[in-house]
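**Q** Have a peek at model_17.pdb (PDB, C-alpha atoms).
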```pdb
ATOM      1  CA  SER A 444     -71.442 -13.339   9.570
ATOM      2  CA  SER A 445     -72.533 -16.931  10.155
ATOM      3  CA  ASP A 446     -71.794 -19.655   7.636
ATOM      4  CA  VAL A 447     -74.955 -21.609   6.847
ATOM      5  CA  CYS A 448     -75.117 -24.742   4.714
ATOM      6  CA  SER A 449     -78.532 -25.714   3.385
ATOM      7  CA  SER A 450     -78.949 -29.358   2.444
ATOM      8  CA  ASP A 451     -82.149 -30.472   0.810
ATOM      9  CA  LEU A 452     -82.741 -34.192   1.027
ATOM     10  CA  HIS A 453     -83.999 -36.319  -1.825
ATOM     11  CA  SER A 454     -82.550 -36.032  -5.288
ATOM     12  CA  LYS A 455     -81.848 -38.283  -8.250
ATOM     13  CA  VAL A 456     -79.660 -40.231  -5.786
ATOM     14  CA  SER A 457     -82.506 -40.712  -3.258
ATOM     15  CA  THR A 458     -85.806 -39.571  -4.752
ATOM     16  CA  GLY A 459     -88.137 -39.880  -1.774
ATOM     17  CA  SER A 460     -91.869 -40.355  -2.208
ATOM     18  CA  ALA A 461     -94.098 -39.262  -5.049
ATOM     19  CA  GLY A 462     -97.825 -39.004  -5.498
ATOM     20  CA  ASN A 463    -100.418 -36.883  -7.256
ATOM     21  CA  GLY A 464     -97.685 -35.559  -9.537
ATOM     22  CA  ILE A 465     -95.634 -34.307  -6.582
ATOM     23  CA  LYS A 466     -92.049 -35.489  -6.112
ATOM     24  CA  GLU A 467     -90.281 -34.828  -2.835
ATOM     25  CA  GLU A 468     -86.960 -34.422  -4.639
ATOM     26  CA  GLU A 469     -88.300 -31.479  -6.675
ATOM     27  CA  TYR A 470     -89.896 -29.688  -3.728
ATOM     28  CA  THR A 471     -86.891 -29.983  -1.420
ATOM     29  CA  LEU A 472     -84.629 -28.568  -4.147
ATOM     30  CA  GLU A 473     -86.972 -25.614  -4.711
ATOM     31  CA  ILE A 474     -87.243 -24.932  -0.962
ATOM     32  CA  GLY A 475     -83.439 -25.044  -0.695
ATOM     33  CA  LYS A 476     -83.091 -22.561  -3.562
ATOM     34  CA  LEU A 477     -85.711 -20.228  -2.044
ATOM     35  CA  LEU A 478     -83.934 -20.300   1.306
ATOM     36  CA  TYR A 479     -80.591 -19.641  -0.381
ATOM     37  CA  ASN A 480     -82.012 -16.679  -2.320
ATOM     38  CA  MET A 481     -83.582 -15.213   0.826
ATOM     39  CA  MET A 482     -80.349 -15.458   2.816
ATOM     40  CA  LYS A 483     -77.670 -14.654   0.216
ATOM     41  CA  ASN A 484     -78.362 -10.913   0.260
ATOM     42  CA  ASP A 485     -78.364 -10.728   4.053
ATOM     43  CA  SER A 486     -74.930  -9.628   5.306
ATOM     44  CA  ARG A 487     -75.408 -11.692   8.478
ATOM     45  CA  PHE A 488     -75.037 -14.914   6.494
ATOM     46  CA  GLU A 489     -72.629 -16.637   4.158
ATOM     47  CA  VAL A 490     -74.865 -19.328   2.698
ATOM     48  CA  HIS A 491     -73.951 -22.486   0.775
ATOM     49  CA  LEU A 492     -75.911 -25.308  -0.830
ATOM     50  CA  THR A 493     -74.994 -28.984  -0.929
ATOM     51  CA  ARG A 494     -76.701 -29.151  -4.341
ATOM     52  CA  SER A 495     -78.158 -26.685  -6.801
ATOM     53  CA  SER A 496     -79.378 -29.132  -9.441
ATOM     54  CA  PRO A 497     -81.475 -32.309  -9.521
ATOM     55  CA  ALA A 498     -78.308 -34.426  -9.851
ATOM     56  CA  GLY A 499     -78.014 -34.734  -6.098
ATOM     57  CA  VAL A 500     -75.481 -35.725  -3.505
ATOM     58  CA  ALA A 501     -75.445 -38.898  -1.419
ATOM     59  CA  ASN A 502     -76.898 -38.328   2.063
ATOM     60  CA  SER A 503     -73.617 -39.392   3.664
ATOM     61  CA  LYS A 504     -71.719 -36.663   1.745
ATOM     62  CA  ARG A 505     -73.889 -33.729   2.819
ATOM     63  CA  PRO A 506     -72.306 -33.193   6.271
ATOM     64  CA  GLN A 507     -68.855 -33.495   4.685
ATOM     65  CA  ILE A 508     -69.718 -30.708   2.245
ATOM     66  CA  SER A 509     -70.948 -28.539   5.118
ATOM     67  CA  ASN A 510     -67.708 -29.173   6.996
ATOM     68  CA  LYS A 511     -65.683 -28.063   3.964
ATOM     69  CA  PHE A 512     -67.484 -24.716   4.174
ATOM     70  CA  ASN A 513     -66.782 -24.517   7.933
ATOM     71  CA  SER A 514     -70.504 -23.973   8.410
ATOM     72  CA  ASP A 515     -71.775 -22.732  11.747
ATOM     73  CA  CYS A 516     -75.212 -24.124  10.954
ATOM     74  CA  PHE A 517     -76.311 -27.118   8.869
ATOM     75  CA  LEU A 518     -79.940 -26.946   7.710
ATOM     76  CA  SER A 519     -81.382 -30.216   6.473
ATOM     77  CA  ILE A 520     -84.583 -29.837   4.455
ATOM     78  CA  HIS A 521     -86.811 -32.887   4.334
ATOM     79  CA  LEU A 522     -90.430 -33.524   3.375
ATOM     80  CA  ASN A 523     -92.719 -36.480   3.834
ATOM     81  CA  PHE A 524     -95.565 -37.420   1.560
ATOM     82  CA  TRP A 525     -98.653 -39.314   2.573
ATOM     83  CA  GLU A 526    -101.631 -40.155   0.372
ATOM     84  CA  SER A 527    -104.315 -39.964   3.070
ATOM     85  CA  PRO A 528    -106.145 -36.608   3.092
ATOM     86  CA  SER A 529    -106.606 -36.981   6.854
ATOM     87  CA  ALA A 530    -102.845 -36.796   7.440
ATOM     88  CA  HIS A 531    -101.568 -33.502   8.856
ATOM     89  CA  GLY A 532     -98.756 -32.200  10.965
TER      90      GLY A 532
END
```
Since I need it in another form, could you write the structure as structure tokens?
**A**
Amino acid sequence: SSDVCSSDLHSKVSTGSAGNGIKEEEYTLEIGKLLYNMMKNDSRFEVHLTRSSPAGVANSKRPQISNKFNSDCFLSIHLNFWESPSAHG
């Protein structure tokens, strides 16, 4: 199996943007949890999270946590928020 470490950016340590009631920190955590839940029952993967609560981890610590797990793959989840409805990508 492959060791995968999922690291969702933005947390109480670094909240990211917010607008229209949406906070990046909340969405990245939920995406990280969904990814973890999808992969944890797949025998091809041993999956780890750098955080599982809103408390957060400093950005500089995330790769160190992945290294402690001897991860083969480090997934960094990041979102950007923009107020303009014409923005897309």
**Q** Just the residues within 9 Å of range 514-520 of chain A, please, counting all atoms listed in the file, with nothing from its chain fewer than 6 positions along; format it as a VMD selection string.
**A** chain A and resid 445 to 452 471 to 472 474 to 475 489 to 491 506
**Q** Kindly give the distance, in Å, that separates CA of Asn523 in chain A and CA of Asn502 in chain A, rounded to a single decimal.
**A**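 Separating CA of Asn523 in chain A from CA of Asn502 in chain A is a distance of 16.0 Å.
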**Q** Compare A:Leu478, A:Gln507, A:Ile465, A:His521 by their minimum atom-to-atom distance to Thr493 in chain A, counting all atoms listed in the file, and give me the closest one.
**A**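 Checking each candidate against Thr493 in chain A, we get A:Gln507 as the closest.
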**Q** Using all atoms listed in the file, pick whichever of A:Asp485, A:Glu468, A:Glu473, A:Leu522 has the shortest atom-to-atom distance to Ala498 in chain A.
**A**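 With all atoms listed in the file as the atom set, the closest residue is A:Glu468.
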**Q** Edge lengths and centre in Å to one decimal, as lines of an AutoDock Vina configuration file, is what I'm after for the box along x, y and z that holds all listed atoms of range 466-471 of chain A once 5 Å is added on each side.
**A**
```
center_x = -89.5
center_y = -32.6
center_z = -4.0
size_x = 15.2
size_y = 15.8
size_z = 15.3
```
**Q** For the atom pair CA of Pro528 in chain A and CA of Glu467 in chain A, what is the interatomic distance in Å to one decimal place?
**A** 17.0 Å
